[in-house]
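Student: Below you'll find run-v4.cif; it's mmCIF, C-alpha atoms.
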```
data_start
#
loop_
_atom_site.label_atom_id
_atom_site.label_comp_id
_atom_site.auth_asym_id
_atom_site.auth_seq_id
_atom_site.Cartn_x
_atom_site.Cartn_y
_atom_site.Cartn_z
CA MET A 283 36.71 -7.69 26.62
CA ILE A 284 33.23 -6.27 27.20
CA PRO A 285 30.57 -7.95 24.99
CA TYR A 286 28.50 -5.64 22.86
CA HIS A 287 25.85 -5.86 20.12
CA LEU A 288 25.73 -3.63 17.06
CA GLN A 289 21.90 -3.50 17.10
CA PHE A 290 22.11 -1.34 20.24
CA PHE A 291 23.78 1.33 18.13
CA ALA A 292 21.35 0.81 15.23
CA GLU A 293 18.34 1.68 17.40
CA GLY A 294 19.43 5.27 17.66
CA ALA A 295 20.45 5.55 14.03
CA GLU A 296 19.02 8.36 12.00
CA LYS A 297 16.20 7.46 9.65
CA THR A 298 17.53 8.71 6.33
CA GLU A 299 16.27 6.06 3.90
CA GLN A 300 13.01 6.21 1.96
CA PRO A 301 10.40 3.67 3.11
CA THR A 302 10.15 0.42 1.21
CA ALA A 303 6.98 -0.71 -0.54
CA LYS A 304 6.51 -3.39 2.13
CA LYS A 305 6.60 -0.91 5.00
CA LEU A 306 4.11 1.39 3.25
CA SER A 307 1.85 -1.58 2.58
CA ASP A 308 2.05 -2.75 6.21
CA ALA A 309 1.35 0.78 7.44
CA ARG A 310 -1.70 1.01 5.20
CA LYS A 311 -3.02 -2.31 6.52
CA GLU A 312 -2.69 -0.86 10.03
CA GLY A 313 -4.66 2.21 8.95
CA GLN A 314 -1.65 4.55 8.99
CA VAL A 315 -2.16 6.93 6.09
CA ALA A 316 -1.65 10.62 5.37
CA ARG A 317 -5.11 12.08 5.94
CA SER A 318 -6.34 15.50 7.05
CA LYS A 319 -9.47 15.65 9.18
CA GLU A 320 -9.52 19.42 8.65
CA LEU A 321 -9.85 18.96 4.90
CA THR A 322 -12.70 16.47 5.26
CA THR A 323 -14.57 18.65 7.77
CA SER A 324 -14.18 21.81 5.68
CA ALA A 325 -15.42 20.04 2.54
CA GLU A 326 -18.46 18.77 4.46
CA LEU A 327 -19.18 22.31 5.72
CA ILE A 328 -18.99 23.75 2.20
CA ALA A 329 -21.35 21.04 0.93
CA LEU A 330 -23.71 21.65 3.87
CA PHE A 331 -24.00 25.40 3.36
CA LEU A 332 -24.29 25.11 -0.43
CA THR A 333 -27.04 22.51 -0.02
CA LEU A 334 -28.87 24.77 2.42
CA LYS A 335 -28.42 27.69 0.02
CA ILE A 336 -30.08 25.70 -2.76
CA PHE A 337 -32.76 23.77 -0.83
CA LEU A 338 -33.46 26.06 2.15
CA GLY A 339 -36.61 27.61 0.61
CA TYR A 340 -37.96 24.18 -0.29
CA MET A 341 -37.10 22.78 3.16
CA ILE A 342 -38.76 25.66 5.02
CA GLU A 343 -41.96 25.22 3.01
CA ARG A 344 -41.97 21.48 3.71
CA PHE A 345 -41.27 22.03 7.42
CA ILE A 346 -44.18 24.47 7.65
CA GLU A 347 -46.44 22.01 5.84
CA THR A 348 -45.37 19.21 8.20
CA PHE A 349 -45.95 21.40 11.25
CA SER A 350 -49.40 22.46 10.03
CA SER A 351 -50.37 18.92 9.01
CA THR A 352 -49.35 17.53 12.39
CA TYR A 353 -51.46 19.99 14.35
CA GLN A 354 -54.37 19.63 11.95
CA ASN A 355 -54.36 15.88 12.59
CA ILE A 356 -54.40 16.54 16.31
CA ASP A 357 -57.29 19.00 16.00
CA LEU A 358 -59.36 16.47 14.03
CA VAL A 359 -59.28 14.07 16.94
CA THR A 360 -61.78 14.67 19.72
CA GLU A 361 -60.57 14.81 23.27
CA GLY A 362 -61.99 11.45 24.25
CA GLU A 363 -60.67 9.60 21.22
CA PHE A 364 -57.01 10.73 21.44
CA THR A 365 -54.96 7.73 22.52
CA THR A 366 -51.29 6.81 22.86
CA VAL A 367 -51.42 4.75 19.66
CA MET A 368 -52.76 7.72 17.68
CA ALA A 369 -50.10 10.00 19.17
CA GLU A 370 -47.38 7.54 18.18
CA GLY A 371 -48.77 7.36 14.62
CA ILE A 372 -48.85 11.15 14.22
CA LEU A 373 -45.31 11.48 15.66
CA ARG A 374 -44.01 8.67 13.45
CA ASN A 375 -45.40 10.26 10.29
CA SER A 376 -43.91 13.64 11.27
CA ILE A 377 -40.45 12.14 11.88
CA ILE A 378 -40.53 10.30 8.52
CA ARG A 379 -41.46 13.50 6.69
CA ILE A 380 -38.69 15.44 8.47
CA ILE A 381 -36.12 12.76 7.52
CA ILE A 382 -37.24 12.93 3.88
CA ILE A 383 -37.00 16.75 3.94
CA CYS A 384 -33.43 16.58 5.35
CA LEU A 385 -32.40 13.79 2.95
CA PRO A 386 -30.48 16.13 0.56
CA ILE A 387 -28.27 17.21 3.49
CA TYR A 388 -27.58 13.62 4.57
CA LEU A 389 -26.78 12.42 1.06
CA THR A 390 -24.58 15.42 0.27
CA ALA A 391 -22.61 15.05 3.51
CA PHE A 392 -22.07 11.33 2.91
CA VAL A 393 -21.05 11.67 -0.76
CA VAL A 394 -18.69 14.60 -0.15
CA SER A 395 -17.07 12.96 2.88
CA PHE A 396 -16.59 9.70 0.95
CA ILE A 397 -15.07 11.44 -2.08
CA VAL A 398 -12.69 13.61 -0.02
CA VAL A 399 -11.43 10.64 2.00
CA LEU A 400 -11.12 8.56 -1.18
CA VAL A 401 -9.03 11.28 -2.85
CA GLN A 402 -6.71 11.44 0.16
CA VAL A 403 -6.10 7.76 0.92
CA LYS A 404 -7.54 5.84 -2.09
CA TRP A 405 -9.79 2.81 -1.59
CA LYS A 406 -8.45 0.18 0.76
CA PRO A 407 -10.58 -0.19 3.91
CA SER A 408 -9.00 -1.59 7.07
CA GLY A 409 -10.65 -2.59 10.33
CA LYS A 410 -7.46 -2.60 12.40
CA PRO A 411 -7.72 1.08 13.48
CA LEU A 412 -11.03 0.16 15.16
CA LYS A 413 -9.39 -2.45 17.38
CA PRO A 414 -8.71 -1.21 20.94
CA LYS A 415 -5.06 -0.65 21.79
CA PHE A 416 -4.22 -0.62 25.49
CA SER A 417 -0.95 1.16 24.74
CA LYS A 418 -3.02 4.29 24.07
CA LEU A 419 -4.11 4.25 27.73
CA ASN A 420 -0.55 4.74 28.91
CA PRO A 421 -0.54 8.10 30.78
CA ILE A 422 3.16 8.67 30.13
CA SER A 423 2.73 8.32 26.38
CA GLY A 424 -0.33 10.56 26.51
CA PHE A 425 1.58 13.19 28.45
CA LYS A 426 4.36 13.13 25.86
CA LYS A 427 1.85 13.58 23.04
CA ILE A 428 0.52 16.75 24.68
CA PHE A 429 3.85 18.46 24.12
CA SER A 430 4.66 16.84 20.80
CA LYS A 431 5.24 18.70 17.53
CA ASP A 432 1.90 17.46 16.19
CA LYS A 433 -0.01 19.03 19.08
CA VAL A 434 1.86 22.30 18.64
CA PHE A 435 0.98 22.32 14.95
CA THR A 436 -2.67 21.50 15.76
CA LEU A 437 -2.76 24.32 18.30
CA VAL A 438 -1.39 26.77 15.73
CA VAL A 439 -4.01 25.63 13.21
CA GLU A 440 -6.83 26.10 15.74
CA ILE A 441 -5.61 29.58 16.65
CA VAL A 442 -5.43 30.53 12.98
CA LYS A 443 -8.97 29.23 12.46
CA ILE A 444 -10.33 31.25 15.40
CA ILE A 445 -8.65 34.41 14.14
CA LEU A 446 -10.01 33.87 10.63
CA ILE A 447 -13.53 33.16 11.90
CA ALA A 448 -13.50 36.31 14.03
CA TYR A 449 -12.20 38.48 11.19
CA ILE A 450 -14.59 37.10 8.52
CA SER A 451 -17.57 37.37 10.89
CA TYR A 452 -16.71 40.96 11.79
CA ASP A 453 -16.08 41.97 8.18
CA THR A 454 -19.34 40.36 6.96
CA LEU A 455 -21.50 41.88 9.71
CA ARG A 456 -19.90 45.28 9.19
CA LYS A 457 -20.83 45.19 5.50
CA GLU A 458 -24.38 44.00 6.28
CA TRP A 459 -24.97 46.44 9.14
CA ASP A 460 -27.19 48.72 7.09
CA THR A 461 -29.30 45.73 6.09
CA LEU A 462 -29.64 44.46 9.67
CA ILE A 463 -31.00 47.81 10.86
CA ILE A 464 -34.20 47.38 8.81
CA LEU A 465 -35.16 44.12 10.55
CA TYR A 466 -37.59 46.07 12.76
CA ASP A 467 -39.42 47.35 9.70
CA ILE A 468 -40.05 44.05 7.91
CA SER A 469 -42.18 40.99 8.62
CA LEU A 470 -41.02 37.96 10.59
CA PHE A 471 -40.63 35.68 7.56
CA GLN A 472 -38.72 38.37 5.67
CA ALA A 473 -36.43 38.89 8.65
CA ILE A 474 -35.83 35.13 8.95
CA ALA A 475 -35.04 34.89 5.23
CA LEU A 476 -32.65 37.86 5.43
CA ILE A 477 -30.80 36.52 8.46
CA GLY A 478 -30.68 33.08 6.81
CA ASP A 479 -29.03 34.51 3.70
CA ILE A 480 -26.44 36.35 5.80
CA VAL A 481 -25.69 33.27 7.91
CA LEU A 482 -25.39 31.04 4.84
CA ASP A 483 -23.07 33.48 3.05
CA LEU A 484 -20.96 33.79 6.20
CA GLY A 485 -20.87 29.99 6.57
CA ILE A 486 -19.75 29.52 2.95
CA LYS A 487 -16.95 32.09 3.38
CA ILE A 488 -15.74 30.47 6.60
CA SER A 489 -15.94 26.99 5.05
CA ILE A 490 -13.83 28.09 2.06
CA ILE A 491 -11.18 29.49 4.42
CA PHE A 492 -11.31 26.23 6.38
CA PHE A 493 -10.89 24.34 3.12
CA VAL A 494 -7.69 26.29 2.35
CA VAL A 495 -6.44 25.53 5.88
CA GLY A 496 -7.40 21.89 5.33
CA ILE A 497 -5.33 21.71 2.13
CA ALA A 498 -2.34 23.13 4.02
CA ASP A 499 -2.92 20.59 6.80
CA PHE A 500 -3.12 17.75 4.25
CA ILE A 501 0.21 18.84 2.72
CA TYR A 502 1.72 18.86 6.21
CA GLN A 503 0.26 15.42 7.00
CA LYS A 504 1.75 14.02 3.76
CA PHE A 505 5.15 15.48 4.65
CA LYS A 506 4.92 14.20 8.23
CA PHE A 507 3.81 10.73 7.08
CA LYS A 508 6.75 10.41 4.67
CA LYS A 509 9.13 11.56 7.41
CA ASP A 510 7.67 9.13 9.97
CA MET A 511 7.87 6.25 7.48
CA ARG A 512 11.59 6.75 6.84
CA MET A 513 13.81 3.85 7.77
CA THR A 514 17.33 3.30 8.96
CA LYS A 515 19.74 1.29 6.85
CA GLN A 516 19.63 -1.47 9.46
CA GLU A 517 15.82 -1.64 9.24
CA ILE A 518 16.04 -2.05 5.46
CA LYS A 519 18.58 -4.84 5.89
CA ASP A 520 16.40 -6.58 8.49
CA GLU A 521 13.33 -6.28 6.27
CA PHE A 522 15.24 -7.73 3.33
CA LYS A 523 16.33 -10.66 5.48
CA GLN A 524 12.76 -11.30 6.59
CA SER A 525 11.28 -11.10 3.11
CA GLU A 526 14.07 -12.59 1.00
CA GLY A 527 15.89 -14.66 3.59
CA ASP A 528 19.32 -14.25 5.14
CA PRO A 529 21.91 -13.95 2.30
CA GLN A 530 24.38 -16.11 4.23
CA VAL A 531 21.78 -18.84 4.71
CA LYS A 532 20.84 -18.64 1.02
CA ARG A 533 24.50 -18.94 0.04
CA ARG A 534 24.90 -21.98 2.25
CA ILE A 535 21.78 -23.58 0.77
CA ARG A 536 22.97 -22.82 -2.75
CA SER A 537 26.39 -24.27 -1.91
CA ARG A 538 24.83 -27.46 -0.55
CA MET A 539 22.65 -27.82 -3.63
CA MET A 540 25.68 -27.43 -5.86
CA GLU A 541 27.53 -30.07 -3.84
CA VAL A 542 24.61 -32.50 -4.18
CA SER A 543 24.35 -31.77 -7.91
CA GLN A 544 28.08 -32.27 -8.43
CA ARG A 545 28.05 -35.49 -6.43
CA ARG A 546 25.18 -36.84 -8.54
CA MET A 547 26.99 -35.70 -11.69
CA MET A 548 30.21 -37.46 -10.70
CA GLN A 549 28.27 -40.65 -9.92
CA GLN A 550 26.92 -40.68 -13.51
CA LEU A 551 30.29 -39.92 -15.07
CA PRO A 552 31.42 -43.58 -15.42
CA GLN A 553 28.57 -44.06 -17.94
CA ALA A 554 30.14 -41.50 -20.33
CA ASP A 555 31.62 -42.46 -23.70
CA VAL A 556 34.08 -39.59 -23.92
CA VAL A 557 35.36 -36.53 -22.02
CA ILE A 558 36.07 -33.48 -24.15
CA THR A 559 38.57 -30.98 -22.71
CA ASN A 560 39.83 -27.45 -23.27
CA PRO A 561 42.37 -29.09 -22.36
CA THR A 562 43.26 -27.54 -18.95
CA HIS A 563 40.33 -25.35 -17.85
CA LEU A 564 37.18 -27.07 -19.11
CA ALA A 565 35.87 -30.63 -19.33
CA ALA A 566 32.56 -32.07 -20.61
CA ALA A 567 31.48 -35.73 -20.46
CA ILE A 568 29.15 -37.09 -23.18
CA LYS A 569 27.12 -40.27 -23.39
CA TYR A 570 25.42 -41.60 -26.51
CA ASP A 571 23.12 -44.63 -26.64
CA ARG A 572 21.75 -45.28 -30.12
CA GLU A 573 18.86 -47.42 -28.86
CA GLU A 574 17.61 -45.26 -25.96
CA LEU A 575 18.76 -41.72 -26.75
CA GLY A 576 17.86 -39.66 -29.78
CA ALA A 577 20.95 -37.47 -29.39
CA PRO A 578 24.11 -37.43 -27.25
CA VAL A 579 23.55 -36.24 -23.65
CA LEU A 580 25.85 -34.11 -21.49
CA LEU A 581 26.45 -36.13 -18.32
CA ALA A 582 28.90 -33.78 -16.57
CA LYS A 583 30.81 -30.57 -17.03
CA GLY A 584 33.19 -28.48 -14.96
CA ALA A 585 35.86 -25.82 -14.94
CA ASP A 586 39.30 -25.65 -13.32
CA TYR A 587 39.35 -27.92 -10.22
CA LEU A 588 36.11 -29.69 -11.17
CA ALA A 589 37.43 -30.25 -14.69
CA LEU A 590 40.52 -31.83 -13.19
CA LYS A 591 38.38 -34.15 -11.05
CA ILE A 592 36.33 -35.15 -14.13
CA LYS A 593 39.49 -36.06 -16.04
CA GLU A 594 40.89 -38.05 -13.09
CA LEU A 595 37.65 -40.00 -12.75
CA ALA A 596 37.59 -40.58 -16.52
CA LYS A 597 41.07 -42.08 -16.38
CA GLU A 598 40.04 -44.33 -13.49
CA ASN A 599 37.09 -45.65 -15.55
CA ASN A 600 39.04 -45.96 -18.84
CA ILE A 601 36.99 -43.23 -20.55
CA GLU A 602 38.66 -41.61 -23.54
CA ILE A 603 39.72 -37.97 -23.08
CA VAL A 604 39.71 -35.95 -26.30
CA GLU A 605 41.01 -32.38 -26.64
CA ASN A 606 38.68 -30.15 -28.65
CA LYS A 607 38.76 -26.54 -27.46
CA PRO A 608 35.80 -25.12 -29.49
CA LEU A 609 33.49 -28.03 -28.68
CA ALA A 610 34.43 -28.09 -24.97
CA ARG A 611 33.80 -24.34 -24.69
CA MET A 612 30.42 -24.52 -26.44
CA LEU A 613 29.29 -27.51 -24.41
CA TYR A 614 30.28 -25.87 -21.12
CA TYR A 615 28.63 -22.50 -21.77
CA ASN A 616 25.56 -23.56 -23.78
CA VAL A 617 24.39 -26.98 -22.55
CA GLU A 618 23.13 -27.91 -19.08
CA VAL A 619 23.93 -31.22 -17.41
CA GLY A 620 21.33 -33.82 -18.40
CA ASP A 621 20.30 -32.02 -21.60
CA GLU A 622 20.71 -33.33 -25.12
CA ILE A 623 23.36 -31.84 -27.40
CA PRO A 624 21.80 -29.10 -29.63
CA ALA A 625 21.51 -29.78 -33.33
CA GLU A 626 24.18 -27.24 -34.27
CA LEU A 627 26.78 -29.29 -32.34
CA TYR A 628 25.81 -32.66 -33.86
CA GLN A 629 28.54 -32.60 -36.50
CA MET A 630 31.41 -31.78 -34.12
CA THR A 631 30.16 -34.24 -31.49
CA ALA A 632 29.69 -37.01 -34.09
CA GLU A 633 33.29 -36.57 -35.25
CA VAL A 634 34.57 -36.94 -31.67
CA LEU A 635 32.40 -39.98 -31.01
CA ALA A 636 33.48 -41.59 -34.30
CA TYR A 637 37.11 -41.06 -33.32
CA VAL A 638 36.49 -42.69 -29.89
CA TYR A 639 34.57 -45.62 -31.36
CA LYS A 640 37.38 -46.19 -33.86
CA LEU A 641 39.95 -46.27 -31.04
CA LYS A 642 37.85 -48.81 -29.14
CA GLY A 643 37.23 -50.87 -32.26
CA LYS A 644 33.48 -50.30 -32.28
CA ILE A 645 33.56 -49.17 -35.89
#
```
Translate the structure of the given file into structure tokens.
Tutor:
Amino acid sequence: MIPYHLQFFAEGAEKTEQPTAKKLSDARKEGQVARSKELTTSAELIALFLTLKIFLGYMIERFIETFSSTYQNIDLVTEGEFTTVMAEGILRNSIIRIIIICLPIYLTAFVVSFIVVLVQVKWKPSGKPLKPKFSKLNPISGFKKIFSKDKVFTLVVEIVKIILIAYISYDTLRKEWDTLIILYDISLFQAIALIGDIVLDLGIKISIIFFVVGIADFIYQKFKFKKDMRMTKQEIKDEFKQSEGDPQVKRRIRSRMMEVSQRRMMQQLPQADVVITNPTHLAAAIKYDREELGAPVLLAKGADYLALKIKELAKENNIEIVENKPLARMLYYNVEVGDEIPAELYQMTAEVLAYVYKLKGKI
């Protein structure tokens, strides 16, 4: 006697079904995709260190030239003539030259980041993730996220990264220890170049390890995304109802349409010249007007109960009923109501009509 609702039980149902195309599409529009920030960052680091490895000599020379040129311009100006406008012009030129020198780094970082993200999530930008969501400010939800499985996995990844960085740094410095000892015996520029090579090599090694960790993180994110996108059977049913319409409602609409069509068909039946029967299961009513119609037209057809109603109405309107099993079957299964009789049935239909016209004395 206690009222209950099945949807209360469906809420706790296990998500065992694969996500539908609609749910994946909706999630993508909301910006929910399987993407690894670790993979993007590691790829950017590799690109950065490789770019520095290739262009570092060129960049150092240009930086030195910019530094020298800036101070030479200042020295050329006498003390009384140096104004704020001149200082701004010298500073502006220096900044522009520095930006141009660093341009390979900017372009490489942008291109690599764009390609890595494109490979992960394909090209379909969405602005919805940028919209503020006040639900994220909920302290209870934030507290739950701290102890979630995702945070535990992230913590494990960070610990692994720290351990790898420490080990690679120690191993690299241990191997280069003999080289580092001679720093006191070489010039400043040689020492800077030597330390730069060691730092760049160490950065490339660490970036490659990060890249491997990023690939593992991307695989995990793909697995997690597929798991999070799973649906319950009830969710699939609800989505089908929303997209395709409630099956019960569609059946009712289809039933009403059939009723309207049958009613219209029965209203046209008195215009028929003959009703051809199976004789018990099928019935088809035909009309032929030599002046208006090029061929006989099927006014009505039906099976079982509807066939019986067609025959009863034919008797009430003094329409001839002719038994012809092959013709009745072909008319019922191959011709729609309101369509003309196909050419291959002309001969059989003409024979029936001739018989009816003879009975009525029209021939």
Student: Using only C-alpha atoms, I'd like a table of the residues in stretch 616-637 of chain A that come within 12 Å of stretch 556-566 of chain A; for each, show the closest atom pair and its distance in Å rounded to one decimal, ordered by chain and ascending number, as CSV.
Tutor:
```
residue,atom,partner,partner_atom,distance
A:Asn616,CA,A:Ala566,CA,11.5
A:Val617,CA,A:Ala566,CA,9.8
A:Glu618,CA,A:Ala566,CA,10.4
A:Val619,CA,A:Ala566,CA,9.2
A:Gly620,CA,A:Ala566,CA,11.6
A:Ile623,CA,A:Ala566,CA,11.4
A:Met630,CA,A:Ile558,CA,11.1
A:Thr631,CA,A:Ile558,CA,9.5
A:Ala632,CA,A:Val556,CA,11.4
A:Glu633,CA,A:Val556,CA,11.8
A:Val634,CA,A:Val556,CA,8.2
A:Leu635,CA,A:Val556,CA,7.3
A:Ala636,CA,A:Val556,CA,10.6
A:Tyr637,CA,A:Val556,CA,10.0
```
Student: Suppose we keep C-alpha atoms; can you now write the selection as a CSV table (one decimal), in the coordinates of the input?
Tutor:
```csv
chain,number,residue,atom,x,y,z
A,616,ASN,CA,25.6,-23.6,-23.8
A,617,VAL,CA,24.4,-27.0,-22.6
A,618,GLU,CA,23.1,-27.9,-19.1
A,619,VAL,CA,23.9,-31.2,-17.4
A,620,GLY,CA,21.3,-33.8,-18.4
A,623,ILE,CA,23.4,-31.8,-27.4
A,630,MET,CA,31.4,-31.8,-34.1
A,631,THR,CA,30.2,-34.2,-31.5
A,632,ALA,CA,29.7,-37.0,-34.1
A,633,GLU,CA,33.3,-36.6,-35.2
A,634,VAL,CA,34.6,-36.9,-31.7
A,635,LEU,CA,32.4,-40.0,-31.0
A,636,ALA,CA,33.5,-41.6,-34.3
A,637,TYR,CA,37.1,-41.1,-33.3
```
Student: Apply the PyMOL selection byres ((chain A and resi 305) around 10) to the file shown and report the selected residues as a PyMOL selection string.
Tutor: chain A and resi 301-304+306-311+511-513+518+521
Student: Please produce a file of the residues just selected, as a PDB file, in the coordinates of the input, where the atoms kept are C-alpha atoms.
Tutor:
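And here is the file that came out, part15.pdb:
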```pdb
ATOM      1  CA  PRO A 301      10.400   3.670   3.110  1.00  0.00           C
ATOM      2  CA  THR A 302      10.150   0.420   1.210  1.00  0.00           C
ATOM      3  CA  ALA A 303       6.980  -0.710  -0.540  1.00  0.00           C
ATOM      4  CA  LYS A 304       6.510  -3.390   2.130  1.00  0.00           C
ATOM      5  CA  LEU A 306       4.110   1.390   3.250  1.00  0.00           C
ATOM      6  CA  SER A 307       1.850  -1.580   2.580  1.00  0.00           C
ATOM      7  CA  ASP A 308       2.050  -2.750   6.210  1.00  0.00           C
ATOM      8  CA  ALA A 309       1.350   0.780   7.440  1.00  0.00           C
ATOM      9  CA  ARG A 310      -1.700   1.010   5.200  1.00  0.00           C
ATOM     10  CA  LYS A 311      -3.020  -2.310   6.520  1.00  0.00           C
ATOM     11  CA  MET A 511       7.870   6.250   7.480  1.00  0.00           C
ATOM     12  CA  ARG A 512      11.590   6.750   6.840  1.00  0.00           C
ATOM     13  CA  MET A 513      13.810   3.850   7.770  1.00  0.00           C
ATOM     14  CA  ILE A 518      16.040  -2.050   5.460  1.00  0.00           C
ATOM     15  CA  GLU A 521      13.330  -6.280   6.270  1.00  0.00           C
TER      16      GLU A 521
END
```
Student: For the atom pair atom CA of A:Trp459 and atom CA of A:Thr333, what is the interatomic distance in Å to one decimal place?
Tutor: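 It comes out at 25.7 Å.
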Student: Residues of stretch 304-378 of chain A that approach stretch 482-489 of chain A to 10 Å or less, counting only C-alpha atoms: could you list each one with the shortest pair of atoms and its distance in Å to one decimal, rows by chain and increasing residue number, as CSV?
Tutor:
```
residue,atom,partner,partner_atom,distance
A:Thr323,CA,A:Ser489,CA,8.9
A:Ser324,CA,A:Ser489,CA,5.5
A:Ala325,CA,A:Ser489,CA,7.4
A:Glu326,CA,A:Ser489,CA,8.6
A:Leu327,CA,A:Ser489,CA,5.7
A:Ile328,CA,A:Ser489,CA,5.3
A:Ala329,CA,A:Ile486,CA,8.9
A:Leu330,CA,A:Ile486,CA,8.9
A:Phe331,CA,A:Ile486,CA,5.9
A:Leu332,CA,A:Ile486,CA,7.2
A:Thr333,CA,A:Leu482,CA,10.0
A:Leu334,CA,A:Leu482,CA,7.6
A:Lys335,CA,A:Leu482,CA,6.6
A:Leu338,CA,A:Leu482,CA,9.9
```
Student: So how far away is atom CA of A:Phe500 from atom CA of A:Glu296, in Å?
Tutor: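 Atom CA of A:Phe500 lies at a distance of 25.3 Å from atom CA of A:Glu296.
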Student: Please check which residues have atoms at most 12 Å from (-15.8, 33.2, 15.0) in the file's coordinates, counting all atoms listed in the file, and write them as a PyMOL selection string.
Tutor: chain A and resi 440-455+484-485+487-489+492
Student: Looking at A:Leu400, A:Phe435, A:Glu517, A:Leu627, which one is nearest to A:Ala498, with distances taken over only C-alpha atoms?
Tutor: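 For A:Ala498, the nearest of the candidates is A:Phe435.
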Student: Between atom CA of A:Leu437 and atom CA of A:Val481, what is the spacing in Å?
Tutor: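 Result for atom CA of A:Val481 versus atom CA of A:Leu437: 26.7 Å, one decimal.
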Student: With all atoms listed in the file as the basis for distance, which of A:Val439, A:Ala610, A:Ile603, A:Ala596 is at the shortest distance from A:Lys583?
Tutor: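 Nearest candidate to A:Lys583 out of A:Val439, A:Ala610, A:Ile603, A:Ala596: A:Ala610.
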Student: What does the PyMOL selection byres ((chain A and resi 344) around 12) select in this file, as a list in words?
Tutor: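 Taken on the displayed file, the PyMOL selection byres ((chain A and resi 344) around 12) yields the residues Phe337, Leu338, Gly339, Tyr340, Met341, Ile342, Glu343, Phe345, Ile346, Glu347, Thr348, Phe349, Ser350, Ser351, Ser376, Arg379, Ile380, Ile381, Ile382, Ile383 and Cys384 of chain A.
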Student: Write out the residues from the selection above, keeping C-alpha atoms, as a PDB file, in the coordinates of the input.
Tutor:
```pdb
ATOM      1  CA  PHE A 337     -32.760  23.770  -0.830  1.00  0.00           C
ATOM      2  CA  LEU A 338     -33.460  26.060   2.150  1.00  0.00           C
ATOM      3  CA  GLY A 339     -36.610  27.610   0.610  1.00  0.00           C
ATOM      4  CA  TYR A 340     -37.960  24.180  -0.290  1.00  0.00           C
ATOM      5  CA  MET A 341     -37.100  22.780   3.160  1.00  0.00           C
ATOM      6  CA  ILE A 342     -38.760  25.660   5.020  1.00  0.00           C
ATOM      7  CA  GLU A 343     -41.960  25.220   3.010  1.00  0.00           C
ATOM      8  CA  PHE A 345     -41.270  22.030   7.420  1.00  0.00           C
ATOM      9  CA  ILE A 346     -44.180  24.470   7.650  1.00  0.00           C
ATOM     10  CA  GLU A 347     -46.440  22.010   5.840  1.00  0.00           C
ATOM     11  CA  THR A 348     -45.370  19.210   8.200  1.00  0.00           C
ATOM     12  CA  PHE A 349     -45.950  21.400  11.250  1.00  0.00           C
ATOM     13  CA  SER A 350     -49.400  22.460  10.030  1.00  0.00           C
ATOM     14  CA  SER A 351     -50.370  18.920   9.010  1.00  0.00           C
ATOM     15  CA  SER A 376     -43.910  13.640  11.270  1.00  0.00           C
ATOM     16  CA  ARG A 379     -41.460  13.500   6.690  1.00  0.00           C
ATOM     17  CA  ILE A 380     -38.690  15.440   8.470  1.00  0.00           C
ATOM     18  CA  ILE A 381     -36.120  12.760   7.520  1.00  0.00           C
ATOM     19  CA  ILE A 382     -37.240  12.930   3.880  1.00  0.00           C
ATOM     20  CA  ILE A 383     -37.000  16.750   3.940  1.00  0.00           C
ATOM     21  CA  CYS A 384     -33.430  16.580   5.350  1.00  0.00           C
TER      22      CYS A 384
END
```
Student: For A:Gln402, please output as a PyMOL selection string all residues within 9 Å (counting all atoms listed in the file; exclusion window: fewer than 5 positions along the same chain).
Tutor: chain A and resi 315-318+397+500
